[in-house]
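The next block is start_14.cif, given as mmCIF, C-alpha atoms.
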data_query
loop_
_atom_site.label_atom_id
_atom_site.label_comp_id
_atom_site.auth_asym_id
_atom_site.auth_seq_id
_atom_site.Cartn_x
_atom_site.Cartn_y
_atom_site.Cartn_z
CA MET K 291 12.17 6.07 163.52
CA ALA K 292 13.70 5.15 160.14
CA LEU K 293 15.06 8.68 159.88
CA GLU K 294 16.78 8.28 163.21
CA ILE K 295 18.46 5.07 162.08
CA VAL K 296 19.69 6.67 158.87
CA GLY K 297 20.92 9.62 160.88
CA ALA K 298 22.73 7.34 163.30
CA ILE K 299 24.38 5.43 160.45
CA LEU K 300 25.50 8.65 158.73
CA PHE K 301 26.82 9.97 162.01
CA THR K 302 28.80 6.79 162.61
CA ILE K 303 30.28 6.91 159.09
CA LEU K 304 31.20 10.56 159.54
CA LEU K 305 32.75 9.87 162.91
CA ALA K 306 34.71 6.93 161.53
CA PHE K 307 35.99 9.06 158.65
CA LEU K 308 36.94 11.87 161.01
CA LEU K 309 38.84 9.45 163.22
CA ARG K 310 40.61 8.07 160.16
CA VAL K 311 41.59 11.62 159.09
CA LEU K 312 42.93 12.40 162.55
CA TYR K 313 44.76 9.09 162.76
CA LEU K 314 46.41 9.62 159.38
CA ILE K 315 47.54 13.13 160.38
CA TYR K 316 48.91 11.61 163.61
CA GLU K 317 50.68 8.90 161.63
CA ILE K 318 52.19 11.41 159.20
CA THR K 319 53.26 14.06 161.70
CA ILE K 320 54.14 12.11 164.85
CA VAL K 321 54.88 8.50 163.90
CA ASN K 322 56.40 9.71 160.62
CA LYS K 323 56.84 6.31 159.08
CA CYS K 324 57.24 7.34 155.47
CA GLU K 325 59.10 4.37 153.97
CA LEU K 326 57.62 3.04 150.75
CA THR K 327 58.79 0.18 148.55
CA ARG K 328 57.54 -0.64 145.06
CA PRO K 329 58.51 -3.53 142.77
CA LYS K 330 59.67 -1.64 139.68
CA SER K 331 59.45 2.11 139.75
CA LEU K 332 57.70 4.92 141.57
CA ARG K 333 54.78 6.56 139.81
CA THR K 334 55.50 10.23 140.30
CA ILE K 335 53.43 13.40 140.26
CA LEU K 336 55.10 16.79 140.14
CA CYS K 337 52.96 19.79 141.07
CA ILE K 338 54.06 22.74 139.03
CA GLY K 339 53.48 26.09 140.71
CA SER K 340 54.41 29.28 138.95
CA GLY K 341 57.47 31.28 137.91
CA GLY K 342 60.33 30.82 140.33
CA HIS K 343 58.70 27.82 141.99
CA THR K 344 58.59 25.97 138.67
CA THR K 345 62.27 26.67 138.06
CA GLU K 346 63.17 25.46 141.56
CA LEU K 347 61.25 22.20 141.24
CA LEU K 348 62.55 21.44 137.75
CA ARG K 349 66.13 21.92 138.91
CA LEU K 350 65.49 19.22 141.48
CA VAL K 351 63.91 16.94 138.85
CA LYS K 352 67.16 17.12 136.89
CA ASN K 353 68.94 15.43 139.82
CA LEU K 354 66.40 12.64 140.29
CA ASN K 355 66.98 9.19 138.87
CA LYS K 356 64.47 9.17 135.99
CA LYS K 357 64.43 5.36 135.81
CA LYS K 358 63.33 5.17 139.40
CA TYR K 359 60.78 7.98 139.32
CA GLN K 360 58.70 6.98 136.34
CA PRO K 361 56.26 7.51 134.75
CA ARG K 362 56.00 11.18 135.66
CA VAL K 363 52.93 13.40 135.42
CA TYR K 364 53.33 17.15 135.66
CA ILE K 365 50.21 18.85 136.97
CA LEU K 366 50.01 22.52 136.07
CA ALA K 367 47.42 25.28 136.00
CA ASP K 368 45.40 25.59 132.78
CA ASN K 369 46.55 29.15 132.08
CA ASP K 370 50.23 28.48 132.71
CA VAL K 371 52.09 28.70 129.39
CA SER K 372 55.62 29.50 130.50
CA SER K 373 55.94 26.42 132.74
CA GLU K 374 55.13 24.09 129.85
CA VAL K 375 58.16 25.31 127.88
CA LYS K 376 60.37 24.81 130.94
CA ILE K 377 59.07 21.26 131.50
CA HIS K 378 59.76 20.17 127.92
CA GLU K 379 63.20 21.75 128.19
CA THR K 380 63.97 19.76 131.37
CA GLU K 381 62.60 16.50 129.94
CA LYS K 382 63.97 16.83 126.43
CA GLU K 383 65.87 13.53 126.61
CA GLN K 384 63.00 11.59 128.18
CA SER K 385 59.66 10.38 126.92
CA ASP K 386 58.09 8.79 130.01
CA TYR K 387 56.28 11.92 131.13
CA THR K 388 52.93 13.61 130.48
CA LEU K 389 51.32 16.93 131.28
CA SER K 390 47.97 17.30 132.98
CA ARG K 391 46.14 20.58 133.37
CA ILE K 392 43.76 21.61 136.14
CA PRO K 393 42.00 24.95 136.75
CA ARG K 394 44.00 27.46 138.77
CA SER K 395 42.83 27.44 142.40
CA ARG K 396 43.57 31.06 143.05
CA ASN K 397 44.31 33.91 140.68
CA VAL K 398 46.15 37.05 141.69
CA GLN K 399 43.82 39.63 143.29
CA GLN K 400 41.00 37.15 143.67
CA SER K 401 38.80 37.69 146.73
CA TYR K 402 38.99 35.31 149.66
CA PHE K 403 35.50 33.89 149.18
CA SER K 404 35.76 33.24 145.46
CA SER K 405 39.16 31.64 145.93
CA VAL K 406 37.56 29.12 148.30
CA ILE K 407 35.03 28.24 145.57
CA SER K 408 37.66 27.98 142.84
CA THR K 409 39.92 25.88 145.07
CA LEU K 410 37.03 23.46 145.60
CA TYR K 411 36.43 23.37 141.85
CA ALA K 412 40.12 22.75 141.15
CA THR K 413 40.10 19.98 143.78
CA LEU K 414 37.15 18.30 142.05
CA CYS K 415 38.95 18.42 138.69
CA THR K 416 42.08 16.94 140.28
CA LEU K 417 40.26 13.91 141.66
CA PRO K 418 40.10 11.80 138.45
CA VAL K 419 43.71 12.67 137.56
CA ILE K 420 45.05 11.38 140.88
CA TYR K 421 42.65 8.42 141.12
CA ASN K 422 43.45 7.17 137.62
CA PHE K 423 47.21 7.68 137.83
CA LYS K 424 47.60 6.26 141.37
CA PRO K 425 50.88 7.98 142.24
CA ASP K 426 53.42 6.54 144.67
CA VAL K 427 55.07 9.87 145.33
CA ILE K 428 54.02 13.50 144.90
CA PHE K 429 56.56 16.33 144.76
CA CYS K 430 55.41 19.89 145.35
CA ASN K 431 56.87 23.21 146.32
CA GLY K 432 53.72 25.38 146.11
CA PRO K 433 51.76 27.48 145.36
CA GLY K 434 49.41 26.93 142.39
CA THR K 435 48.30 23.35 141.94
CA CYS K 436 49.84 22.08 145.17
CA ILE K 437 46.92 22.25 147.61
CA PRO K 438 44.22 20.59 145.44
CA VAL K 439 46.57 17.74 144.49
CA CYS K 440 47.69 17.08 148.05
CA VAL K 441 44.17 17.33 149.49
CA VAL K 442 42.87 14.79 146.97
CA ALA K 443 45.80 12.45 147.60
CA PHE K 444 45.29 12.74 151.35
CA LEU K 445 41.54 12.02 151.14
CA LEU K 446 42.09 9.01 148.87
CA ARG K 447 44.60 7.77 151.42
CA CYS K 448 42.04 8.19 154.17
CA LEU K 449 39.67 6.00 152.15
CA TYR K 450 42.41 3.38 151.54
CA LEU K 451 42.15 4.00 147.79
CA LEU K 452 45.73 5.18 147.44
CA ASP K 453 49.06 4.67 149.17
CA CYS K 454 51.45 7.48 148.35
CA ARG K 455 53.98 9.83 149.92
CA ILE K 456 53.91 13.61 149.64
CA VAL K 457 57.22 15.46 149.54
CA PHE K 458 56.95 19.20 150.11
CA ILE K 459 59.98 21.40 149.46
CA GLU K 460 59.77 24.96 150.76
CA SER K 461 61.08 27.62 148.40
CA ILE K 462 64.56 29.07 148.89
CA CYS K 463 62.79 32.47 149.29
CA ARG K 464 61.47 31.39 152.65
CA VAL K 465 64.15 32.12 155.23
CA ARG K 466 62.31 32.72 158.52
CA THR K 467 58.64 31.98 157.85
CA LEU K 468 56.78 29.18 156.10
CA SER K 469 54.66 30.01 153.06
CA LEU K 470 50.88 29.56 153.36
CA THR K 471 51.20 26.32 151.38
CA GLY K 472 53.94 25.19 153.76
CA LYS K 473 51.86 26.04 156.83
CA ILE K 474 49.03 23.86 155.52
CA LEU K 475 51.13 21.02 154.12
CA GLN K 476 53.25 20.54 157.24
CA PHE K 477 50.28 18.50 158.52
CA PHE K 478 49.75 16.46 155.36
CA ALA K 479 53.12 16.02 153.70
CA ASP K 480 55.16 12.98 154.68
CA ILE K 481 58.45 14.74 154.08
CA VAL K 482 58.83 18.50 154.63
CA VAL K 483 62.09 20.00 153.44
CA VAL K 484 63.30 23.55 154.10
CA GLN K 485 66.34 25.25 152.61
CA TRP K 486 67.36 27.48 155.50
CA PRO K 487 68.36 26.11 158.94
CA GLN K 488 66.39 28.87 160.71
CA LEU K 489 63.14 27.42 159.40
CA ARG K 490 63.62 24.23 161.37
CA ASP K 491 62.76 26.20 164.51
CA VAL K 492 59.49 27.32 162.92
CA CYS K 493 58.38 23.97 161.54
CA PHE K 494 58.70 21.07 163.96
CA ARG K 495 58.90 18.43 161.21
CA ALA K 496 61.12 20.18 158.71
CA LYS K 497 64.26 18.51 157.44
CA TYR K 498 67.23 20.51 156.22
CA PHE K 499 69.68 19.17 153.65
CA GLY K 500 71.38 22.43 152.70
CA ARG K 501 70.44 24.55 149.72
CA LEU K 502 68.89 22.47 146.94
CA THR K 503 68.41 25.01 144.15
CA MET Y 103 87.45 52.26 150.86
CA ALA Y 104 89.03 49.87 148.39
CA GLN Y 105 89.32 50.94 144.78
CA GLN Y 106 86.19 49.95 142.88
CA TYR Y 107 85.84 49.98 139.16
CA TYR Y 108 82.78 48.59 137.47
CA LYS Y 109 82.72 49.50 133.83
CA LYS Y 110 79.83 47.37 132.61
CA ILE Y 111 76.73 47.24 134.76
CA PHE Y 112 73.76 44.98 134.14
CA ILE Y 113 70.42 45.98 135.65
CA THR Y 114 67.43 43.63 135.68
CA VAL Y 115 63.84 44.08 136.93
CA GLY Y 116 62.62 40.55 136.16
CA THR Y 117 59.40 39.40 134.53
CA THR Y 118 57.09 42.20 135.73
CA ARG Y 119 57.79 45.91 136.05
CA PHE Y 120 59.63 48.28 138.37
CA ASP Y 121 58.76 51.79 137.16
CA LEU Y 122 60.38 53.65 140.01
CA LEU Y 123 63.78 52.01 139.54
CA CYS Y 124 63.70 52.45 135.75
CA GLU Y 125 62.92 56.15 136.01
CA TYR Y 126 65.35 56.59 138.84
CA ILE Y 127 68.33 54.96 137.12
CA LEU Y 128 68.00 57.42 134.23
CA THR Y 129 68.24 60.50 136.49
CA GLU Y 130 71.41 62.55 136.64
CA PRO Y 131 72.36 61.95 140.31
CA VAL Y 132 72.09 58.16 139.97
CA LEU Y 133 74.08 58.11 136.73
CA ALA Y 134 76.69 60.31 138.42
CA ALA Y 135 76.91 57.84 141.32
CA LEU Y 136 77.29 54.96 138.85
CA LYS Y 137 79.99 56.85 136.91
CA ASN Y 138 81.71 57.40 140.20
CA ILE Y 139 82.29 53.65 140.54
CA GLY Y 140 83.56 53.45 136.96
CA CYS Y 141 80.40 52.81 134.94
CA LYS Y 142 80.62 53.52 131.19
CA GLU Y 143 77.99 51.12 129.90
CA ILE Y 144 74.63 49.93 131.24
CA THR Y 145 72.65 46.98 129.91
CA PHE Y 146 69.17 47.38 131.28
CA GLN Y 147 66.44 44.75 131.22
CA ILE Y 148 63.35 46.91 131.89
CA GLY Y 149 60.52 44.33 131.60
CA ASN Y 150 57.11 45.96 131.33
CA SER Y 151 58.22 49.13 133.09
CA ASN Y 152 57.04 52.54 132.01
CA VAL Y 153 60.12 53.58 129.98
CA ASP Y 154 60.93 53.09 126.30
CA PRO Y 155 63.45 50.45 125.20
CA GLY Y 156 66.35 51.46 122.93
CA VAL Y 157 69.92 52.67 123.11
CA ILE Y 158 70.61 56.12 124.53
CA GLU Y 159 73.59 58.01 125.85
CA LYS Y 160 73.16 60.12 128.93
CA GLU Y 161 75.72 61.80 131.18
CA GLY Y 162 78.41 60.03 129.17
CA VAL Y 163 76.99 56.60 129.93
CA LYS Y 164 75.80 54.33 127.15
CA ILE Y 165 72.50 52.75 128.15
CA ASN Y 166 71.05 49.79 126.23
CA MET Y 167 67.47 49.11 127.31
CA TYR Y 168 65.40 46.10 126.31
CA ARG Y 169 62.23 44.53 127.66
CA PHE Y 170 62.85 40.76 127.63
CA LYS Y 171 65.27 38.16 126.32
CA ASP Y 172 65.02 34.37 126.38
CA SER Y 173 68.09 34.26 128.55
CA ILE Y 174 69.77 37.09 130.41
CA GLN Y 175 72.69 34.80 131.24
CA GLU Y 176 75.03 36.35 128.66
CA ASP Y 177 74.34 39.88 129.88
CA MET Y 178 74.85 38.70 133.42
CA LYS Y 179 78.17 37.06 132.56
CA SER Y 180 79.66 40.01 130.72
CA ALA Y 181 78.78 42.49 133.49
CA ASP Y 182 81.19 43.70 136.17
CA LEU Y 183 78.37 44.52 138.56
CA VAL Y 184 74.71 43.47 138.67
CA ILE Y 185 71.87 45.59 140.03
CA SER Y 186 68.72 43.51 140.41
CA HIS Y 187 65.20 43.56 141.78
CA ALA Y 188 64.66 41.32 144.80
CA GLY Y 189 63.28 38.34 142.86
CA ALA Y 190 64.87 35.11 144.01
CA GLY Y 191 65.53 33.90 140.46
CA SER Y 192 67.49 37.00 139.43
CA CYS Y 193 69.37 37.23 142.74
CA LEU Y 194 70.45 33.59 142.68
CA GLU Y 195 71.42 33.76 139.01
CA ALA Y 196 73.69 36.74 139.69
CA LEU Y 197 75.25 35.07 142.73
CA GLU Y 198 75.82 31.83 140.83
CA ALA Y 199 77.56 33.84 138.10
CA ASN Y 200 79.74 35.13 140.94
CA LYS Y 201 78.96 38.81 140.28
CA PRO Y 202 79.00 41.63 142.80
CA LEU Y 203 75.31 42.25 143.42
CA LEU Y 204 73.21 45.17 144.62
CA VAL Y 205 69.52 44.41 145.13
CA VAL Y 206 66.98 47.22 144.95
CA VAL Y 207 63.83 46.26 146.84
CA ASN Y 208 60.51 47.35 145.35
CA GLU Y 209 58.64 48.84 148.27
CA ASP Y 210 55.43 49.07 146.24
CA LEU Y 211 55.07 45.32 146.44
CA MET Y 212 53.18 44.44 149.57
CA ASP Y 213 53.53 40.91 150.94
CA ASN Y 214 57.17 41.31 150.15
CA HIS Y 215 58.48 37.96 151.31
CA GLN Y 216 61.27 38.30 148.78
CA LEU Y 217 62.81 40.85 151.12
CA GLU Y 218 63.38 37.97 153.53
CA LEU Y 219 65.84 36.37 151.11
CA ALA Y 220 67.67 39.61 150.27
CA GLU Y 221 68.02 40.40 153.99
CA GLN Y 222 69.46 37.00 154.79
CA LEU Y 223 71.86 37.09 151.84
CA GLN Y 224 73.09 40.49 153.02
CA ILE Y 225 73.58 39.14 156.56
CA ASP Y 226 75.62 36.31 155.01
CA SER Y 227 77.48 39.04 153.03
CA HIS Y 228 76.68 37.71 149.56
CA LEU Y 229 75.04 40.96 148.40
CA TYR Y 230 73.96 44.44 149.45
CA TYR Y 231 70.39 45.61 149.30
CA CYS Y 232 68.73 49.00 149.35
CA THR Y 233 65.60 50.80 148.19
CA CYS Y 234 65.33 53.40 145.42
CA ASP Y 235 65.63 56.14 148.07
CA THR Y 236 68.91 54.79 149.39
CA LEU Y 237 70.39 53.70 146.06
CA ILE Y 238 72.80 56.62 145.69
CA SER Y 239 74.05 56.56 149.27
CA THR Y 240 74.46 52.79 149.08
CA LEU Y 241 76.47 53.04 145.85
CA ASN Y 242 78.71 55.64 147.49
CA MET Y 243 79.14 53.69 150.68
CA VAL Y 244 79.46 49.97 150.10
CA ASP Y 245 82.54 47.99 149.13
CA PHE Y 246 81.64 45.14 146.79
CA THR Y 247 85.05 43.53 147.25
CA LEU Y 248 83.99 42.58 150.78
CA LEU Y 249 81.26 40.27 149.52
CA THR Y 250 81.88 36.54 149.82
CA PRO Y 251 81.13 33.98 147.08
CA PHE Y 252 77.96 31.96 147.24
CA THR Y 253 78.46 28.21 147.69
CA LYS Y 254 76.90 26.04 145.02
CA ALA Y 255 73.57 24.37 145.69
CA ASN Y 256 73.82 20.65 146.36
CA SER Y 257 70.82 18.36 146.30
CA SER Y 258 72.69 15.05 146.47
CA ILE Y 259 72.22 14.61 150.25
CA PHE Y 260 68.50 15.16 149.83
CA VAL Y 261 68.29 12.81 146.85
CA ASN Y 262 70.17 10.12 148.82
CA TYR Y 263 67.79 10.56 151.73
CA LEU Y 264 64.82 10.12 149.38
CA ASP Y 265 66.41 7.02 147.91
CA SER Y 266 66.73 5.50 151.37
CA ILE Y 267 63.07 6.16 152.19
CA LEU Y 268 61.38 5.53 148.84
CA ARG Y 269 62.74 2.26 147.53
CA VAL Y 270 62.42 0.11 144.44
CA GLU Y 271 63.01 -3.65 144.62
CA ASN Y 272 65.34 -4.70 141.91
#

Turn the structure described in the file into structure tokens.
Amino acid sequence: MALEIVGAILFTILLAFLLRVLYLIYEITIVNKCELTRPKSLRTILCIGSGGHTTELLRLVKNLNKKKYQPRVYILADNDVSSEVKIHETEKEQSDYTLSRIPRSRNVQQSYFSSVISTLYATLCTLPVIYNFKPDVIFCNGPGTCIPVCVVAFLLRCLYLLDCRIVFIESICRVRTLSLTGKILQFFADIVVVQWPQLRDVCFRAKYFGRLT
Amino acid sequence: MAQQYYKKIFITVGTTRFDLLCEYILTEPVLAALKNIGCKEITFQIGNSNVDPGVIEKEGVKINMYRFKDSIQEDMKSADLVISHAGAGSCLEALEANKPLLVVVNEDLMDNHQLELAEQLQIDSHLYYCTCDTLISTLNMVDFTLLTPFTKANSSIFVNYLDSILRVEN
């Protein structure tokens, strides 16, 4: 009898959480009310991917108003050395930024199963970073650290522990098809930006502002 | 075909390796095709490819090969023609430097989504692309003077949009 009650309670909680998840996805994708106002500045997270993706995102950072988007935390994979140099180069006149490292969710040539495990591990390591920093806006252009960061931010939002906006910018490389990260994040990101007009036909929510990088 | 004359050619394979292209460039028929469009000097960023760096002279063409540099911008700027792998970074850098560009696609790379960009940029007539197999015929055939300049990237509209959505009370 007691077991049944516990089961019923757990089921109700699970159902409520599931409904909240679905409602938030509905709010993000259909209602699309992504306005956000903060008193002083926007706490910003930048998900650093790899190679060309890093260069693309940092070029955009150069054009952002640093006074508005501060403080900034760059999240990068723990074995990513070259991105660190590029970040310090971009931020050389600023001091209101920090770097945070998380395990890489998927290495090249890793099998499908083990990449699921390592993505879960990376997600777990991301949780305290996001929870403690409490970002207002997250910029990402995939791949690398993007998915764990956005998943954690989304779940914290579901639990009303965080109110933030995710901005996903698809790489200039993607002309006719979305990247895997893009395919996933089109349901979670508040703002999805593509850099080729053709991609708007593929992604129902994508916004196009011309070529950014 | 319009007169083409490209004395200094810069070739780049990016951060990884492209063995086939490196070996292929150094063969006699390819060098002959390059000489045919005026080439006297090649600067060749070979990355981790399976050839030795150094300066050699072959078929009357001076070839300066190196693995990596902090910035290839100078080499890009001083070139009359750029031959590049299909990496977005290298392609965009060459186009921003306003150089005639031939992209050689590495067919060994599966999941070659980079091809998507090269294809589109050829459709928009900003570059020509080929594979190692078609390099010579492409060099003989195409007219680089028909390429159109690449417009500069502009993120200000996007940044303004963001500013209208994500606000700070002052």

Shell of 10 Å around His215 of chain Y, all atoms listed in the file, local chain residues under 6 positions omitted, as a compact mmCIF listing (two decimals) with C-alpha atoms, keeping the file's coordinate frame:
# COMPACT_ATOMS: atom_id res chain seq x y z
CA CYS K 463 62.79 32.47 149.29
CA ARG K 464 61.47 31.39 152.65
CA VAL K 465 64.15 32.12 155.23
CA ARG K 466 62.31 32.72 158.52
CA THR K 467 58.64 31.98 157.85
CA SER K 469 54.66 30.01 153.06
CA ALA Y 188 64.66 41.32 144.80
CA GLY Y 189 63.28 38.34 142.86

Translate the PyMOL selection byres ((chain Y) within 10 of (chain K)), as applied to the file shown, into an explicit residue set as a PyMOL selection string.
chain Y and resi 117+189-192+194+215-223+253-272

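Here atom CA of Lys356 of chain K is placed at a distance of 29.1 Å from atom CA of Glu317 of chain K.
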
For Lys137 of chain Y, find every residue with an atom within 10 Å (counting all atoms listed in the file), except residues of its own chain fewer than 6 positions away, and show them as a VMD selection string.
chain Y and resid 107 to 109 131 143 161 to 163

May I have the selected residues written with C-alpha atoms, as a short mmCIF file (atom, residue, chain, number, x, y, z; two decimals), in the coordinates of the input?
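Saved to out_1.cif:
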data_model
loop_
_atom_site.label_atom_id
_atom_site.label_comp_id
_atom_site.auth_asym_id
_atom_site.auth_seq_id
_atom_site.Cartn_x
_atom_site.Cartn_y
_atom_site.Cartn_z
CA TYR Y 107 85.84 49.98 139.16
CA TYR Y 108 82.78 48.59 137.47
CA LYS Y 109 82.72 49.50 133.83
CA PRO Y 131 72.36 61.95 140.31
CA GLU Y 143 77.99 51.12 129.90
CA GLU Y 161 75.72 61.80 131.18
CA GLY Y 162 78.41 60.03 129.17
CA VAL Y 163 76.99 56.60 129.93
#

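Computed from the coordinates, the atom CA of Ile456 of chain K to atom CA of Ala479 of chain K distance equals 4.8 Å.
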
To verify the selection step, state as a ChimeraX atom specification which residues the PyMOL selection byres ((chain Y and resi 136) around 12) yields on this input.
/Y:106-113,127-135,137-144,160-165,183-185,237-242

Identify all residues satisfying the PyMOL selection byres ((chain Y and resi 209) around 12) in the given file; provide them as a ChimeraX atom specification.
/Y:120-123,187-188,206-208,210-217,232-236

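For the pair atom CA of Asn431 of chain K and atom CA of Gly472 of chain K, the interatomic distance is 8.2 Å.
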